[in-house]
>>> print(open('data-v6.csv').read())   # CSV, C-alpha atoms
chain,number,residue,atom,x,y,z
A,1,MET,CA,0.0,0.0,0.0
A,2,SER,CA,1.4,3.4,-1.0
A,3,ARG,CA,1.6,6.3,1.3
A,4,LEU,CA,-1.1,7.9,-0.7
A,5,ASP,CA,-3.4,4.9,-0.2
A,6,SER,CA,-2.6,4.9,3.5
A,7,TYR,CA,-3.2,8.7,3.8
A,8,ILE,CA,-6.6,8.4,2.1
A,9,ARG,CA,-7.6,5.6,4.5
A,10,ARG,CA,-6.5,7.6,7.5
A,11,LEU,CA,-8.5,10.7,6.4
A,12,VAL,CA,-11.6,8.6,5.7
A,13,ALA,CA,-11.2,7.1,9.1
A,14,GLN,CA,-10.9,10.5,10.7
A,15,ARG,CA,-14.0,11.8,8.9
A,16,ASP,CA,-16.1,8.8,9.6
A,17,ILE,CA,-15.2,8.8,13.3
A,18,LEU,CA,-16.1,12.5,13.7
A,19,ASN,CA,-19.4,11.8,11.9
A,20,HIS,CA,-20.0,8.9,14.2
A,21,VAL,CA,-19.3,11.1,17.2
A,22,ALA,CA,-21.8,13.7,16.0
A,23,THR,CA,-24.5,11.2,15.0
A,24,ASP,CA,-24.3,8.3,17.4
A,25,LEU,CA,-22.6,9.4,20.6
A,26,ASP,CA,-23.7,11.5,23.6
A,27,LEU,CA,-21.4,14.4,24.4
A,28,PRO,CA,-21.4,16.5,27.5
A,29,ARG,CA,-24.0,19.1,27.1
A,30,ASP,CA,-21.7,22.0,27.6
A,31,GLY,CA,-18.1,22.6,26.8
A,32,PRO,CA,-16.0,23.5,23.8
A,33,ILE,CA,-14.4,21.3,21.1
A,34,LEU,CA,-10.6,21.5,20.9
A,35,GLU,CA,-9.0,21.0,17.5
A,36,ILE,CA,-5.4,20.2,18.3
A,37,GLY,CA,-3.3,20.6,15.1
A,38,LEU,CA,-5.3,23.0,12.9
A,39,GLY,CA,-3.1,22.5,9.8
A,40,ASN,CA,-4.9,23.5,6.6
A,41,GLY,CA,-8.1,23.8,8.5
A,42,ARG,CA,-10.0,21.2,6.6
A,43,THR,CA,-11.0,19.2,9.7
A,44,TYR,CA,-11.8,22.4,11.5
A,45,ASP,CA,-14.2,23.1,8.7
A,46,HIS,CA,-15.7,19.7,9.0
A,47,LEU,CA,-16.2,20.1,12.8
A,48,ARG,CA,-17.9,23.5,12.2
A,49,GLU,CA,-20.4,21.7,10.0
A,50,LEU,CA,-21.0,18.9,12.4
A,51,PHE,CA,-21.2,21.0,15.6
A,52,PRO,CA,-22.5,24.4,14.6
A,53,ALA,CA,-23.6,25.3,18.1
A,54,ARG,CA,-20.3,24.6,19.8
A,55,ARG,CA,-17.3,26.8,20.4
A,56,ILE,CA,-14.3,25.2,18.6
A,57,VAL,CA,-10.9,26.3,19.8
A,58,ALA,CA,-8.0,25.4,17.4
A,59,PHE,CA,-4.4,25.0,18.3
A,60,ASP,CA,-1.3,25.0,16.1
A,61,ARG,CA,2.4,25.9,16.3
A,62,ALA,CA,1.9,28.5,13.5
A,63,LEU,CA,-1.0,29.4,11.3
A,64,ALA,CA,-1.0,27.4,8.1
A,65,ALA,CA,-4.7,27.3,7.4
A,66,HIS,CA,-6.5,28.2,4.2
A,67,ALA,CA,-8.1,31.7,4.6
A,68,SER,CA,-11.6,30.1,4.5
A,69,SER,CA,-10.8,28.0,7.6
A,70,VAL,CA,-9.1,30.4,10.0
A,71,PRO,CA,-10.9,30.5,13.4
A,72,PRO,CA,-12.0,33.7,15.0
A,73,GLU,CA,-9.1,35.3,16.9
A,74,ALA,CA,-10.5,34.3,20.3
A,75,ASP,CA,-10.6,30.7,19.2
A,76,LEU,CA,-7.1,30.4,17.8
A,77,VAL,CA,-4.2,29.5,20.0
A,78,LEU,CA,-0.8,29.6,18.3
A,79,GLY,CA,2.5,28.4,19.8
A,80,GLU,CA,3.9,25.1,21.0
A,81,ILE,CA,0.9,22.9,21.6
A,82,ARG,CA,2.4,21.2,24.5
A,83,ASP,CA,2.5,24.6,26.3
A,84,THR,CA,-0.6,26.4,25.0
A,85,ALA,CA,-3.1,23.5,25.3
A,86,ARG,CA,-2.1,23.0,29.0
A,87,ALA,CA,-4.1,26.2,29.7
A,88,PHE,CA,-7.2,24.2,28.9
A,89,ALA,CA,-6.5,21.6,31.6
A,90,GLY,CA,-9.8,21.3,33.5
A,91,GLY,CA,-11.4,23.3,30.8
A,92,GLY,CA,-14.2,20.8,30.5
A,93,ALA,CA,-14.0,20.1,26.7
A,94,ALA,CA,-16.8,18.0,25.3
A,95,LEU,CA,-14.7,16.7,22.4
A,96,VAL,CA,-11.0,16.8,21.6
A,97,HIS,CA,-9.8,16.0,18.2
A,98,VAL,CA,-6.0,15.7,17.8
A,99,ASP,CA,-4.1,14.9,14.7
A,100,ILE,CA,-0.5,15.8,15.2
A,101,GLY,CA,1.3,12.7,14.2
A,102,THR,CA,4.3,13.3,12.0
A,103,GLY,CA,4.9,10.0,10.3
A,104,TYR,CA,8.2,9.8,12.2
A,105,PRO,CA,7.9,7.2,15.0
A,106,ASP,CA,10.7,8.8,17.0
A,107,ARG,CA,9.1,12.2,17.0
A,108,ASP,CA,5.6,10.8,17.7
A,109,ALA,CA,7.1,8.9,20.6
A,110,VAL,CA,8.1,12.2,22.1
A,111,THR,CA,4.7,13.6,21.5
A,112,LEU,CA,3.2,10.6,23.3
A,113,THR,CA,5.1,11.4,26.5
A,114,TRP,CA,2.8,14.4,27.1
A,115,LEU,CA,-0.2,14.2,24.8
A,116,PRO,CA,-2.4,11.6,26.5
A,117,ASP,CA,-2.2,13.5,29.8
A,118,LEU,CA,-3.0,16.8,28.1
A,119,VAL,CA,-6.1,15.4,26.4
A,120,ALA,CA,-7.3,13.7,29.5
A,121,SER,CA,-6.9,16.9,31.5
A,122,ALA,CA,-8.7,19.0,28.9
A,123,LEU,CA,-11.8,16.8,28.7
A,124,ALA,CA,-14.9,17.1,30.8
A,125,GLY,CA,-16.1,13.9,32.5
A,126,GLU,CA,-17.5,11.6,29.7
A,127,GLY,CA,-16.0,13.9,27.1
A,128,VAL,CA,-14.8,12.2,23.9
A,129,ALA,CA,-11.4,12.2,22.2
A,130,ALA,CA,-10.6,11.3,18.6
A,131,SER,CA,-7.0,10.9,17.8
A,132,GLY,CA,-4.6,10.0,15.0
A,133,LEU,CA,-2.2,8.6,17.6
A,134,PRO,CA,-3.1,6.2,20.4
A,135,LEU,CA,-3.7,7.8,23.7
A,136,ASP,CA,-2.8,5.5,26.5
A,137,HIS,CA,-4.1,7.0,29.7
A,138,PRO,CA,-6.0,5.5,32.7
A,139,ALA,CA,-8.8,8.0,32.4
A,140,LEU,CA,-9.4,7.3,28.7
A,141,GLN,CA,-11.4,4.2,27.7
A,142,ALA,CA,-11.3,3.1,24.1
A,143,LEU,CA,-14.7,3.2,22.3
A,144,PRO,CA,-15.7,0.8,19.5
A,145,LEU,CA,-15.0,2.3,16.1
A,146,PRO,CA,-17.7,2.7,13.5
A,147,PRO,CA,-18.0,-0.1,10.8
A,148,GLY,CA,-15.3,-0.3,8.1
A,149,ILE,CA,-12.5,1.4,10.1
A,150,ALA,CA,-9.5,-0.9,10.7
A,151,ALA,CA,-8.2,-1.0,14.3
A,152,GLU,CA,-5.1,1.2,14.8
A,153,ARG,CA,-6.0,3.5,11.9
A,154,TYR,CA,-7.6,6.1,14.1
A,155,PHE,CA,-8.5,6.1,17.8
A,156,LEU,CA,-11.6,7.0,19.8
A,157,TYR,CA,-11.9,7.3,23.6
A,158,ARG,CA,-14.3,8.5,26.3
A,159,ARG,CA,-13.0,10.1,29.5
A,160,ALA,CA,-14.0,8.6,32.8
A,161,VAL,CA,-16.5,10.5,34.9
A,162,ARG,CA,-14.5,13.1,36.9
B,1,MET,CA,-19.8,19.4,1.8
B,2,SER,CA,-17.0,20.3,4.1
B,3,ARG,CA,-13.5,21.0,2.9
B,4,LEU,CA,-12.4,17.7,4.5
B,5,ASP,CA,-15.1,15.8,2.4
B,6,SER,CA,-14.0,17.7,-0.7
B,7,TYR,CA,-10.3,16.9,-0.1
B,8,ILE,CA,-10.9,13.2,0.4
B,9,ARG,CA,-12.9,13.1,-2.9
B,10,ARG,CA,-10.1,14.9,-4.7
B,11,LEU,CA,-7.4,12.6,-3.3
B,12,VAL,CA,-9.4,9.5,-4.3
B,13,ALA,CA,-9.9,11.0,-7.8
B,14,GLN,CA,-6.2,11.6,-8.1
B,15,ARG,CA,-5.3,8.0,-6.9
B,16,ASP,CA,-8.0,6.4,-9.1
B,17,ILE,CA,-6.9,8.3,-12.2
B,18,LEU,CA,-3.3,7.4,-11.7
B,19,ASN,CA,-4.2,3.8,-11.2
B,20,HIS,CA,-6.3,4.0,-14.4
B,21,VAL,CA,-3.4,5.4,-16.3
B,22,ALA,CA,-1.2,2.6,-15.1
B,23,THR,CA,-3.7,-0.2,-15.7
B,24,ASP,CA,-5.7,0.9,-18.8
B,25,LEU,CA,-3.8,3.4,-20.9
B,26,ASP,CA,-0.9,3.1,-23.2
B,27,LEU,CA,2.0,5.4,-22.4
B,28,PRO,CA,4.9,6.2,-24.7
B,29,ARG,CA,7.4,3.4,-24.3
B,30,ASP,CA,10.2,5.7,-23.2
B,31,GLY,CA,10.4,8.9,-21.3
B,32,PRO,CA,10.3,9.8,-17.7
B,33,ILE,CA,7.4,10.7,-15.4
B,34,LEU,CA,7.3,14.3,-14.0
B,35,GLU,CA,5.7,14.8,-10.6
B,36,ILE,CA,5.1,18.6,-10.4
B,37,GLY,CA,4.5,19.6,-6.9
B,38,LEU,CA,6.2,16.9,-4.7
B,39,GLY,CA,4.7,18.2,-1.4
B,40,ASN,CA,4.7,15.5,1.2
B,41,GLY,CA,5.7,12.9,-1.4
B,42,ARG,CA,2.7,10.6,-0.9
B,43,THR,CA,1.8,10.7,-4.6
B,44,TYR,CA,5.4,10.3,-5.6
B,45,ASP,CA,5.4,7.2,-3.5
B,46,HIS,CA,2.2,6.0,-5.3
B,47,LEU,CA,3.8,6.7,-8.7
B,48,ARG,CA,6.9,4.7,-7.7
B,49,GLU,CA,4.7,1.7,-6.9
B,50,LEU,CA,2.7,2.0,-10.2
B,51,PHE,CA,5.7,2.6,-12.4
B,52,PRO,CA,8.7,0.9,-10.9
B,53,ALA,CA,10.6,0.9,-14.2
B,54,ARG,CA,10.3,4.6,-15.0
B,55,ARG,CA,12.5,7.5,-14.0
B,56,ILE,CA,10.3,9.9,-11.9
B,57,VAL,CA,11.5,13.5,-11.7
B,58,ALA,CA,9.9,15.6,-9.0
B,59,PHE,CA,9.6,19.3,-8.8
B,60,ASP,CA,8.8,21.6,-5.9
B,61,ARG,CA,9.6,25.1,-4.7
B,62,ALA,CA,11.3,23.7,-1.6
B,63,LEU,CA,11.7,20.3,-0.2
B,64,ALA,CA,8.8,19.4,2.2
B,65,ALA,CA,8.6,15.6,1.6
B,66,HIS,CA,8.6,13.0,4.3
B,67,ALA,CA,12.1,11.4,4.5
B,68,SER,CA,10.8,8.1,3.1
B,69,SER,CA,9.6,9.8,-0.1
B,70,VAL,CA,12.6,12.1,-1.0
B,71,PRO,CA,13.7,11.3,-4.6
B,72,PRO,CA,17.3,10.6,-5.5
B,73,GLU,CA,19.2,13.9,-5.9
B,74,ALA,CA,19.4,13.6,-9.6
B,75,ASP,CA,15.6,13.3,-9.8
B,76,LEU,CA,14.7,16.2,-7.6
B,77,VAL,CA,14.4,19.8,-8.9
B,78,LEU,CA,13.9,22.6,-6.4
B,79,GLY,CA,13.0,26.1,-7.2
B,80,GLU,CA,10.2,28.0,-8.8
B,81,ILE,CA,8.4,25.4,-10.8
B,82,ARG,CA,7.6,27.8,-13.6
B,83,ASP,CA,11.3,28.2,-14.2
B,84,THR,CA,12.7,24.8,-13.4
B,85,ALA,CA,10.2,22.7,-15.3
B,86,ARG,CA,10.8,24.7,-18.4
B,87,ALA,CA,14.1,22.9,-18.7
B,88,PHE,CA,12.1,19.8,-19.5
B,89,ALA,CA,10.4,21.3,-22.6
B,90,GLY,CA,10.8,18.8,-25.3
B,91,GLY,CA,11.9,16.3,-22.7
B,92,GLY,CA,9.5,13.7,-24.0
B,93,ALA,CA,7.8,12.9,-20.7
B,94,ALA,CA,5.5,9.9,-20.9
B,95,LEU,CA,3.4,11.1,-18.0
B,96,VAL,CA,3.1,14.4,-16.2
B,97,HIS,CA,1.2,14.5,-12.9
B,98,VAL,CA,0.7,18.0,-11.6
B,99,ASP,CA,-1.1,19.0,-8.4
B,100,ILE,CA,-0.2,22.6,-7.5
B,101,GLY,CA,-3.6,24.1,-7.0
B,102,THR,CA,-3.7,26.3,-3.9
B,103,GLY,CA,-7.4,26.6,-3.2
B,104,TYR,CA,-7.2,30.3,-4.0
B,105,PRO,CA,-8.9,31.0,-7.4
B,106,ASP,CA,-6.9,34.1,-8.0
B,107,ARG,CA,-3.5,32.4,-7.4
B,108,ASP,CA,-4.6,29.4,-9.4
B,109,ALA,CA,-5.6,31.7,-12.3
B,110,VAL,CA,-2.0,33.0,-12.4
B,111,THR,CA,-0.6,29.5,-12.4
B,112,LEU,CA,-2.9,28.7,-15.3
B,113,THR,CA,-1.3,31.4,-17.4
B,114,TRP,CA,1.8,29.3,-17.8
B,115,LEU,CA,1.1,25.7,-16.6
B,116,PRO,CA,-0.8,24.3,-19.6
B,117,ASP,CA,1.9,25.3,-22.0
B,118,LEU,CA,4.6,23.9,-19.7
B,119,VAL,CA,2.9,20.6,-19.5
B,120,ALA,CA,2.2,20.3,-23.2
B,121,SER,CA,5.9,21.2,-23.9
B,122,ALA,CA,7.2,18.6,-21.5
B,123,LEU,CA,5.1,15.7,-22.8
B,124,ALA,CA,6.1,13.3,-25.6
B,125,GLY,CA,3.6,12.8,-28.4
B,126,GLU,CA,0.7,10.8,-27.0
B,127,GLY,CA,2.0,11.3,-23.5
B,128,VAL,CA,-0.6,11.7,-20.7
B,129,ALA,CA,-1.2,14.4,-18.2
B,130,ALA,CA,-3.2,14.1,-14.9
B,131,SER,CA,-3.8,17.4,-13.2
B,132,GLY,CA,-5.7,18.9,-10.3
B,133,LEU,CA,-6.3,22.0,-12.3
B,134,PRO,CA,-7.8,22.1,-15.8
B,135,LEU,CA,-5.2,22.4,-18.6
B,136,ASP,CA,-6.7,24.2,-21.5
B,137,HIS,CA,-4.3,23.8,-24.4
B,138,PRO,CA,-4.7,23.0,-28.1
B,139,ALA,CA,-2.3,20.1,-27.9
B,140,LEU,CA,-4.0,18.5,-24.9
B,141,GLN,CA,-7.1,16.4,-25.5
B,142,ALA,CA,-9.3,15.5,-22.5
B,143,LEU,CA,-9.6,11.8,-21.9
B,144,PRO,CA,-12.6,10.1,-20.3
B,145,LEU,CA,-12.3,9.7,-16.5
B,146,PRO,CA,-12.6,6.3,-14.9
B,147,PRO,CA,-16.0,5.4,-13.4
B,148,GLY,CA,-17.1,7.2,-10.2
B,149,ILE,CA,-15.0,10.4,-10.7
B,150,ALA,CA,-17.1,13.5,-11.0
B,151,ALA,CA,-16.2,15.8,-13.9
B,152,GLU,CA,-14.1,18.8,-12.8
B,153,ARG,CA,-12.8,17.0,-9.8
B,154,TYR,CA,-9.5,16.0,-11.5
B,155,PHE,CA,-8.4,16.2,-15.1
B,156,LEU,CA,-6.8,13.8,-17.6
B,157,TYR,CA,-5.4,14.5,-21.0
B,158,ARG,CA,-3.4,13.0,-23.8
B,159,ARG,CA,-1.0,15.1,-25.8
B,160,ALA,CA,-1.4,15.2,-29.6
B,161,VAL,CA,1.2,13.4,-31.7
B,162,ARG,CA,4.2,15.7,-32.2
>>> encode(input="data-v6.csv", output="structure tokens")
Amino acid sequence: MSRLDSYIRRLVAQRDILNHVATDLDLPRDGPILEIGLGNGRTYDHLRELFPARRIVAFDRALAAHASSVPPEADLVLGEIRDTARAFAGGGAALVHVDIGTGYPDRDAVTLTWLPDLVASALAGEGVAASGLPLDHPALQALPLPPGIAAERYFLYRRAVR
Amino acid sequence: MSRLDSYIRRLVAQRDILNHVATDLDLPRDGPILEIGLGNGRTYDHLRELFPARRIVAFDRALAAHASSVPPEADLVLGEIRDTARAFAGGGAALVHVDIGTGYPDRDAVTLTWLPDLVASALAGEGVAASGLPLDHPALQALPLPPGIAAERYFLYRRAVR
């Protein structure tokens, strides 16, 4: 399988999982959505469509989004994500989507020393996390994936009650 | 349709068209493949799988590819594509794949003032071009797309006999 094939499968998994969260899962009634790794802003755009009533706060190291997908200034947090997103610990997020894998296992291993704890801290009790990297954390319980998504292609969790 | 949905459809169209070229179309027997817009290198990786016997020359303004998809030095041309790819005019390419749309219609309109002529010049007679932007040029005849790909999502041409 080429890297193009693999990328398409990963994006489809991401999209289908977010649709599944919006359609089939209960989210905490209040609380924002955190989009960690804004990138081009395509997934931010998708989240806006799925969750029009929620505040969506987007994080990235630097702004690289298409002009049509730049969040309002109050909902855009630029800088090292490890530092900036920590301010949302206890922030009671209803949903965290995080897609900051690099395709380099050594770099991703460093990310995974801090990312699971950051996500668990940011979520409200019973909040949901969708992630391109596995989030191994005692407060995060893996949820079943929607049909057609291979295990390990994308990851879905619910936070324990606080 | 969100920008994520649209992007997935465009990538699938790109992949399916390249597979169609490899499986169903006759290409000139000799001549390299030009990958104009290397980017992350995912499509370069796909082309390598589809055409293992061809030289593939990749162009980009600057190197942004994943380490696993960096072409050999002799097959990587960095700099303004408008200038660098001109050196391949008359180069007799068997296939040109070009995906350098920006999502900004005004910028793409500038690209389209020079790109169709550059592609037509680089191709051998009866060479094939697959493109994310329409290439309006008297020497390039649109080919039918494989099933399931909406018109205007991706573009496929064959160059007239030289």
>>> residues_around(input="data-v6.csv", residues="Val57 in chain B", least_positions_apart="5", cutoff="7 Å", atoms="all atoms listed in the file", output="mmCIF file with C-alpha atoms, in the coordinates of the input")
data_model
loop_
_atom_site.group_PDB
_atom_site.id
_atom_site.type_symbol
_atom_site.label_atom_id
_atom_site.label_comp_id
_atom_site.auth_asym_id
_atom_site.auth_seq_id
_atom_site.Cartn_x
_atom_site.Cartn_y
_atom_site.Cartn_z
ATOM 1 C CA ILE B 33 7.400 10.700 -15.400
ATOM 2 C CA LEU B 34 7.300 14.300 -14.000
ATOM 3 C CA GLU B 35 5.700 14.800 -10.600
ATOM 4 C CA ASP B 75 15.600 13.300 -9.800
ATOM 5 C CA LEU B 76 14.700 16.200 -7.600
#
>>> closest_residue(input="data-v6.csv", among="A:Ala74, A:Pro134, A:Arg3, A:Asp60", to="Gly103 in chain A", atoms="all atoms listed in the file")
A:Arg3
>>> calpha_fit_and_write(input="data-v6.csv", fixed="chain A", moving="chain B", output="short mmCIF file (atom, residue, chain, number, x, y, z; two decimals) with C-alpha atoms, keeping the file's coordinate frame")
data_model
loop_
_atom_site.label_atom_id
_atom_site.label_comp_id
_atom_site.auth_asym_id
_atom_site.auth_seq_id
_atom_site.Cartn_x
_atom_site.Cartn_y
_atom_site.Cartn_z
CA MET B 1 0.02 0.02 0.02
CA SER B 2 1.45 3.32 -0.98
CA ARG B 3 1.62 6.27 1.34
CA LEU B 4 -1.10 7.96 -0.75
CA ASP B 5 -3.43 4.86 -0.20
CA SER B 6 -2.57 4.91 3.50
CA TYR B 7 -3.31 8.65 3.81
CA ILE B 8 -6.67 8.41 2.10
CA ARG B 9 -7.66 5.54 4.48
CA ARG B 10 -6.58 7.60 7.47
CA LEU B 11 -8.47 10.70 6.32
CA VAL B 12 -11.65 8.66 5.73
CA ALA B 13 -11.23 7.08 9.20
CA GLN B 14 -10.89 10.49 10.74
CA ARG B 15 -14.01 11.88 8.86
CA ASP B 16 -16.08 8.74 9.59
CA ILE B 17 -15.22 8.79 13.30
CA LEU B 18 -16.08 12.42 13.64
CA ASN B 19 -19.33 11.88 11.86
CA HIS B 20 -20.00 8.93 14.21
CA VAL B 21 -19.34 11.07 17.20
CA ALA B 22 -21.75 13.67 15.94
CA THR B 23 -24.50 11.24 14.93
CA ASP B 24 -24.28 8.37 17.48
CA LEU B 25 -22.59 9.44 20.68
CA ASP B 26 -23.67 11.55 23.54
CA LEU B 27 -21.36 14.44 24.34
CA PRO B 28 -21.39 16.49 27.53
CA ARG B 29 -24.04 19.14 27.08
CA ASP B 30 -21.64 22.02 27.58
CA GLY B 31 -18.03 22.61 26.85
CA PRO B 32 -16.10 23.52 23.81
CA ILE B 33 -14.45 21.38 21.13
CA LEU B 34 -10.60 21.51 20.88
CA GLU B 35 -9.05 20.96 17.46
CA ILE B 36 -5.34 20.25 18.22
CA GLY B 37 -3.33 20.65 15.15
CA LEU B 38 -5.33 23.06 12.86
CA GLY B 39 -3.05 22.53 9.80
CA ASN B 40 -4.86 23.43 6.64
CA GLY B 41 -8.15 23.75 8.54
CA ARG B 42 -10.08 21.15 6.52
CA THR B 43 -11.04 19.20 9.65
CA TYR B 44 -11.86 22.36 11.51
CA ASP B 45 -14.20 23.14 8.69
CA HIS B 46 -15.75 19.61 9.03
CA LEU B 47 -16.15 20.11 12.80
CA ARG B 48 -17.89 23.46 12.21
CA GLU B 49 -20.43 21.75 9.96
CA LEU B 50 -21.03 18.86 12.46
CA PHE B 51 -21.23 21.05 15.52
CA PRO B 52 -22.53 24.43 14.54
CA ALA B 53 -23.58 25.28 18.10
CA ARG B 54 -20.27 24.57 19.83
CA ARG B 55 -17.30 26.82 20.42
CA ILE B 56 -14.30 25.22 18.56
CA VAL B 57 -10.85 26.24 19.79
CA ALA B 58 -7.98 25.40 17.48
CA PHE B 59 -4.38 24.98 18.30
CA ASP B 60 -1.30 24.95 16.10
CA ARG B 61 2.37 25.89 16.27
CA ALA B 62 1.88 28.49 13.54
CA LEU B 63 -0.97 29.46 11.39
CA ALA B 64 -1.01 27.44 8.09
CA ALA B 65 -4.80 27.26 7.46
CA HIS B 66 -6.49 28.19 4.24
CA ALA B 67 -8.10 31.67 4.62
CA SER B 68 -11.61 30.18 4.54
CA SER B 69 -10.88 28.01 7.60
CA VAL B 70 -9.07 30.50 9.97
CA PRO B 71 -10.94 30.53 13.34
CA PRO B 72 -12.02 33.74 15.01
CA GLU B 73 -9.07 35.27 16.90
CA ALA B 74 -10.45 34.39 20.24
CA ASP B 75 -10.64 30.72 19.21
CA LEU B 76 -7.19 30.36 17.80
CA VAL B 77 -4.13 29.51 19.95
CA LEU B 78 -0.69 29.62 18.35
CA GLY B 79 2.45 28.35 19.84
CA GLU B 80 3.90 25.12 21.03
CA ILE B 81 0.90 22.94 21.55
CA ARG B 82 2.40 21.24 24.57
CA ASP B 83 2.45 24.57 26.32
CA THR B 84 -0.61 26.31 25.01
CA ALA B 85 -3.08 23.48 25.38
CA ARG B 86 -2.11 23.04 28.96
CA ALA B 87 -4.05 26.19 29.68
CA PHE B 88 -7.16 24.21 28.91
CA ALA B 89 -6.57 21.60 31.67
CA GLY B 90 -9.77 21.31 33.51
CA GLY B 91 -11.44 23.25 30.73
CA GLY B 92 -14.21 20.71 30.45
CA ALA B 93 -13.93 20.10 26.71
CA ALA B 94 -16.76 17.99 25.33
CA LEU B 95 -14.67 16.78 22.43
CA VAL B 96 -10.98 16.85 21.67
CA HIS B 97 -9.84 16.00 18.14
CA VAL B 98 -6.09 15.73 17.84
CA ASP B 99 -4.12 14.90 14.69
CA ILE B 100 -0.45 15.84 15.19
CA GLY B 101 1.26 12.66 14.18
CA THR B 102 4.28 13.37 11.97
CA GLY B 103 4.92 10.02 10.33
CA TYR B 104 8.21 9.79 12.21
CA PRO B 105 7.94 7.14 15.00
CA ASP B 106 10.65 8.72 17.05
CA ARG B 107 9.06 12.22 17.00
CA ASP B 108 5.65 10.74 17.62
CA ALA B 109 7.03 8.82 20.64
CA VAL B 110 8.10 12.16 22.17
CA THR B 111 4.70 13.67 21.56
CA LEU B 112 3.18 10.67 23.28
CA THR B 113 5.07 11.44 26.45
CA TRP B 114 2.82 14.39 27.12
CA LEU B 115 -0.23 14.26 24.76
CA PRO B 116 -2.38 11.63 26.52
CA ASP B 117 -2.24 13.46 29.79
CA LEU B 118 -3.00 16.78 28.08
CA VAL B 119 -6.03 15.38 26.43
CA ALA B 120 -7.38 13.64 29.50
CA SER B 121 -6.87 16.93 31.49
CA ALA B 122 -8.70 19.00 28.93
CA LEU B 123 -11.77 16.76 28.64
CA ALA B 124 -14.92 17.02 30.78
CA GLY B 125 -16.13 13.83 32.44
CA GLU B 126 -17.51 11.58 29.73
CA GLY B 127 -16.05 13.82 27.08
CA VAL B 128 -14.74 12.14 23.88
CA ALA B 129 -11.40 12.16 22.22
CA ALA B 130 -10.63 11.23 18.54
CA SER B 131 -6.95 10.99 17.79
CA GLY B 132 -4.59 9.95 15.03
CA LEU B 133 -2.20 8.64 17.58
CA PRO B 134 -3.07 6.18 20.35
CA LEU B 135 -3.72 7.82 23.75
CA ASP B 136 -2.80 5.45 26.48
CA HIS B 137 -4.13 6.91 29.70
CA PRO B 138 -5.97 5.48 32.72
CA ALA B 139 -8.77 7.98 32.39
CA LEU B 140 -9.35 7.32 28.69
CA GLN B 141 -11.41 4.29 27.71
CA ALA B 142 -11.29 3.11 24.07
CA LEU B 143 -14.63 3.19 22.35
CA PRO B 144 -15.67 0.88 19.51
CA LEU B 145 -14.94 2.30 16.02
CA PRO B 146 -17.70 2.65 13.48
CA PRO B 147 -17.98 -0.11 10.85
CA GLY B 148 -15.27 -0.31 8.15
CA ILE B 149 -12.45 1.39 10.16
CA ALA B 150 -9.49 -0.86 10.72
CA ALA B 151 -8.19 -0.97 14.30
CA GLU B 152 -5.09 1.21 14.80
CA ARG B 153 -5.97 3.42 11.93
CA TYR B 154 -7.56 6.12 14.15
CA PHE B 155 -8.48 6.11 17.81
CA LEU B 156 -11.57 7.02 19.85
CA TYR B 157 -11.96 7.33 23.56
CA ARG B 158 -14.30 8.49 26.26
CA ARG B 159 -12.98 10.09 29.40
CA ALA B 160 -13.99 8.59 32.76
CA VAL B 161 -16.43 10.55 34.91
CA ARG B 162 -14.50 13.15 36.93
#
>>> residues_around(input="data-v6.csv", residues="range 7-12 of chain A", least_positions_apart="5", cutoff="9 Å", atoms="only C-alpha atoms", output="count of residues only")
12
>>> residues_near_point(input="data-v6.csv", point="(8.9, 25.9, -16.6)", cutoff="10 Å", atoms="all atoms listed in the file", output="tab-separated table (two decimals) with C-alpha atoms, keeping the file's coordinate frame")
chain	number	residue	atom	x	y	z
B	80	GLU	CA	10.20	28.00	-8.80
B	81	ILE	CA	8.40	25.40	-10.80
B	82	ARG	CA	7.60	27.80	-13.60
B	83	ASP	CA	11.30	28.20	-14.20
B	84	THR	CA	12.70	24.80	-13.40
B	85	ALA	CA	10.20	22.70	-15.30
B	86	ARG	CA	10.80	24.70	-18.40
B	87	ALA	CA	14.10	22.90	-18.70
B	88	PHE	CA	12.10	19.80	-19.50
B	89	ALA	CA	10.40	21.30	-22.60
B	114	TRP	CA	1.80	29.30	-17.80
B	115	LEU	CA	1.10	25.70	-16.60
B	117	ASP	CA	1.90	25.30	-22.00
B	118	LEU	CA	4.60	23.90	-19.70
B	119	VAL	CA	2.90	20.60	-19.50
B	121	SER	CA	5.90	21.20	-23.90
B	122	ALA	CA	7.20	18.60	-21.50
>>> closest_residue(input="data-v6.csv", among="B:Ser69, B:Leu27, B:Phe59, B:Leu133", to="Val110 in chain B", atoms="only C-alpha atoms")
B:Leu133
>>> residues_around(input="data-v6.csv", residues="range 157-162 of chain B", least_positions_apart="6", cutoff="9 Å", atoms="only C-alpha atoms", output="VMD selection string")
chain B and resid 120 123 to 131 135 138 to 144
>>> closest_residue(input="data-v6.csv", among="B:Ala53, B:Ala67, B:Val21, B:Leu95", to="chain A", atoms="all atoms listed in the file")
B:Ala67
>>> residues_around(input="data-v6.csv", residues="Gly31 in chain B", least_positions_apart="6", cutoff="8 Å", atoms="only C-alpha atoms", output="PyMOL selection string")
chain B and resi 54-55+91-94+124
